[in-house]
Amino acid sequence: MILVSELMLQQTQASRVVERLTPFLEEFPTPEGMAQGSVAPVISAWNGLGYNRRAVNLHRAARKIVDEHRGAVPDNLGDLLDLPGVGPYTARAVLVFAFERSEAVVDTNIGRVLARWEGRTLGRQEAQELADRLVSHDDPWGWNQALMELGALICTGVPQCVECPVSNSCRWFVSGRDGADPAPGSAAVSRRQSRFDGSDRQGRSALVRTLSAGPVSESDLPVAMGWPDDAERAHRVVKTLLTDGLVTRSEDGGFELPT
DNA sequence: CTCCGGTACC
DNA sequence: GGTACCGGAG
């Protein structure tokens with residue numbers, strides 16, 4: 001349950017996850033249920049959440065959990081990191097929020113807080129070690145939630161230091177915020193994204209959405225991807241979908257969701 | 001139009 | 001270390 005919600009929350013705002021999580025968990029209540037079927041219904045159920053590769057990864061993770069962990073989500077860092085689509089953040093998020101273990105997560109919000117707290121840009125290892133050192137062993141769940149909230153509401157891109165309850169201990173604030181903001185470029189802090197309109201991602205998204213309703217023939221591919229006059233681009237980009245396991249060739253040479 | 005969010009792969 | 005990968009809200 002926590003694993004699915006954390007995977008959904010990757011690169012996706014919580015407000016959009018809340019209404020999708022319950023129907024998704026009703027369709028796929030257990031790793032066994034998801035692992036038994038093909039990936040196609042998982043992709044369809046993921047529709048609209050973005051980054052469809054996460055759906056493929058989740059299906060593969062479900063199979064691995066069934067095959068190698070008797071259907072139970074692992075409760076140790078190494079095995080969690082071995083699951084497809086599970087990285088440093090999600091693995092620790094499962095340990096903290098599902099198993100209530102004394103671990104520290106570093107997402108984009110916490111990465112920003114840590115960099116300003118230390119007053120300098122941090123590397124991946126540095127940020128994780130700092131978070132590990134700071135985490136409350138009394139209430140790790142609440143600590144991580146509080147830090148994420150601090151980053152999401154106060155220690156934002158343009159920080160609201162006047163509202164910050166811990167500014168007196170923040171190196172960057174205490175130093176008078178003289179140097180440049182250490183947060184951009186620091187570990188886990190998100191970077192600007194290229195625009196979606198007109199991107200390859202838009203065509204990928206359009207095709208996967210269409211394929212959820214049924215197969216698409218070779219000749220219909222450019223239209224389905226939104227590039228009716230650019231068959232070359234359609235064929236170049238559909239290769240990336242084949243590589244990602246989001247699309248497969250049907251028997252008649254067209255395209256469909258993987259069976 | 002800008003903002004927001006981790007992982008995998010090179 | 002840089003880049004590709006989605007979509008909705010404000």
# chains A, B, ... in the order shown; residues from 1 in each chain; ligands from 1
>>> interface_residues(of="chain C", to="chain A", cutoff="8 Å", atoms="only C-alpha atoms (C1' of nucleotides)", output="VMD selection string")
chain C and resid 5 to 8
>>> select_by_dssp(residues="stretch 50-232 of chain A", states="helix (DSSP H, G or I)", output="number ranges by chain")
A: 53-69, 77-81, 88-97, 108-118, 124-134, 140-153, 161-163, 167-169, 171-174, 200-211, 218-224, 231-232
>>> interface_residues(of="chain A", to="chain B", cutoff="12 Å", atoms="only C-alpha atoms (C1' of nucleotides)", output="ChimeraX atom specification")
/A:6-16,50-51,53-54,57,81,83-91,93,105-109,152,156-158,187-195,243-244
>>> decode(residues="stretch 175-243 of chain A", atoms="C-alpha atoms", output="PDB file, in the first residue's frame")
ATOM      1  CA  SER A 175      24.858  34.293   7.481  1.00  0.00           C
ATOM      2  CA  GLY A 176      22.441  36.908   6.206  1.00  0.00           C
ATOM      3  CA  ARG A 177      21.715  34.925   3.042  1.00  0.00           C
ATOM      4  CA  ASP A 178      24.718  36.673   1.566  1.00  0.00           C
ATOM      5  CA  GLY A 179      25.964  34.070  -0.882  1.00  0.00           C
ATOM      6  CA  ALA A 180      23.827  32.503  -3.576  1.00  0.00           C
ATOM      7  CA  ASP A 181      21.064  30.121  -2.508  1.00  0.00           C
ATOM      8  CA  PRO A 182      22.865  26.785  -1.913  1.00  0.00           C
ATOM      9  CA  ALA A 183      19.732  24.755  -2.678  1.00  0.00           C
ATOM     10  CA  PRO A 184      19.707  24.783  -6.507  1.00  0.00           C
ATOM     11  CA  GLY A 185      21.955  21.998  -7.724  1.00  0.00           C
ATOM     12  CA  SER A 186      22.124  20.384  -4.286  1.00  0.00           C
ATOM     13  CA  ALA A 187      21.308  16.693  -3.860  1.00  0.00           C
ATOM     14  CA  ALA A 188      17.733  15.646  -4.703  1.00  0.00           C
ATOM     15  CA  VAL A 189      16.636  19.210  -5.486  1.00  0.00           C
ATOM     16  CA  SER A 190      14.552  19.159  -8.675  1.00  0.00           C
ATOM     17  CA  ARG A 191      15.722  21.007 -11.739  1.00  0.00           C
ATOM     18  CA  ARG A 192      13.752  22.889 -14.305  1.00  0.00           C
ATOM     19  CA  GLN A 193      12.074  20.702 -16.900  1.00  0.00           C
ATOM     20  CA  SER A 194      11.773  21.332 -20.598  1.00  0.00           C
ATOM     21  CA  ARG A 195       8.293  22.216 -21.767  1.00  0.00           C
ATOM     22  CA  PHE A 196       5.775  19.431 -22.345  1.00  0.00           C
ATOM     23  CA  ASP A 197       3.919  20.891 -25.318  1.00  0.00           C
ATOM     24  CA  GLY A 198       5.526  19.723 -28.516  1.00  0.00           C
ATOM     25  CA  SER A 199       7.849  17.308 -26.700  1.00  0.00           C
ATOM     26  CA  ASP A 200       8.447  13.643 -27.386  1.00  0.00           C
ATOM     27  CA  ARG A 201       6.796  12.974 -24.039  1.00  0.00           C
ATOM     28  CA  GLN A 202       3.542  14.394 -25.365  1.00  0.00           C
ATOM     29  CA  GLY A 203       3.524  11.918 -28.255  1.00  0.00           C
ATOM     30  CA  ARG A 204       4.430   9.023 -25.983  1.00  0.00           C
ATOM     31  CA  SER A 205       1.613   9.946 -23.644  1.00  0.00           C
ATOM     32  CA  ALA A 206      -0.899  10.263 -26.478  1.00  0.00           C
ATOM     33  CA  LEU A 207      -0.074   6.827 -27.878  1.00  0.00           C
ATOM     34  CA  VAL A 208      -0.207   5.021 -24.528  1.00  0.00           C
ATOM     35  CA  ARG A 209      -3.546   6.638 -23.811  1.00  0.00           C
ATOM     36  CA  THR A 210      -4.886   5.542 -27.193  1.00  0.00           C
ATOM     37  CA  LEU A 211      -3.546   2.016 -26.804  1.00  0.00           C
ATOM     38  CA  SER A 212      -5.464   1.645 -23.547  1.00  0.00           C
ATOM     39  CA  ALA A 213      -8.575   1.637 -25.741  1.00  0.00           C
ATOM     40  CA  GLY A 214      -7.184  -0.785 -28.323  1.00  0.00           C
ATOM     41  CA  PRO A 215      -4.428  -1.520 -30.859  1.00  0.00           C
ATOM     42  CA  VAL A 216      -3.134   0.988 -33.398  1.00  0.00           C
ATOM     43  CA  SER A 217      -2.045  -0.004 -36.897  1.00  0.00           C
ATOM     44  CA  GLU A 218       1.319   0.905 -38.338  1.00  0.00           C
ATOM     45  CA  SER A 219      -0.224   3.441 -40.690  1.00  0.00           C
ATOM     46  CA  ASP A 220      -2.236   5.112 -37.922  1.00  0.00           C
ATOM     47  CA  LEU A 221       0.803   5.576 -35.689  1.00  0.00           C
ATOM     48  CA  PRO A 222       1.692   9.183 -36.609  1.00  0.00           C
ATOM     49  CA  VAL A 223      -1.884  10.336 -36.037  1.00  0.00           C
ATOM     50  CA  ALA A 224      -2.133   8.473 -32.741  1.00  0.00           C
ATOM     51  CA  MET A 225       1.008  10.208 -31.522  1.00  0.00           C
ATOM     52  CA  GLY A 226      -0.220  13.630 -32.597  1.00  0.00           C
ATOM     53  CA  TRP A 227       2.255  14.031 -35.460  1.00  0.00           C
ATOM     54  CA  PRO A 228       0.198  13.279 -38.597  1.00  0.00           C
ATOM     55  CA  ASP A 229       2.811  14.905 -40.817  1.00  0.00           C
ATOM     56  CA  ASP A 230       5.901  13.473 -39.191  1.00  0.00           C
ATOM     57  CA  ALA A 231       5.965   9.679 -39.536  1.00  0.00           C
ATOM     58  CA  GLU A 232       9.717   9.687 -39.076  1.00  0.00           C
ATOM     59  CA  ARG A 233       9.418  11.226 -35.637  1.00  0.00           C
ATOM     60  CA  ALA A 234       6.582   8.866 -34.678  1.00  0.00           C
ATOM     61  CA  HIS A 235       8.673   5.841 -35.534  1.00  0.00           C
ATOM     62  CA  ARG A 236      11.721   7.186 -33.748  1.00  0.00           C
ATOM     63  CA  VAL A 237       9.789   7.906 -30.561  1.00  0.00           C
ATOM     64  CA  VAL A 238       7.755   4.694 -30.559  1.00  0.00           C
ATOM     65  CA  LYS A 239      11.060   2.836 -30.328  1.00  0.00           C
ATOM     66  CA  THR A 240      11.611   4.411 -26.917  1.00  0.00           C
ATOM     67  CA  LEU A 241       8.211   3.099 -25.821  1.00  0.00           C
ATOM     68  CA  LEU A 242       9.107  -0.391 -27.049  1.00  0.00           C
ATOM     69  CA  THR A 243      12.370  -0.200 -25.093  1.00  0.00           C
TER      70      THR A 243
END
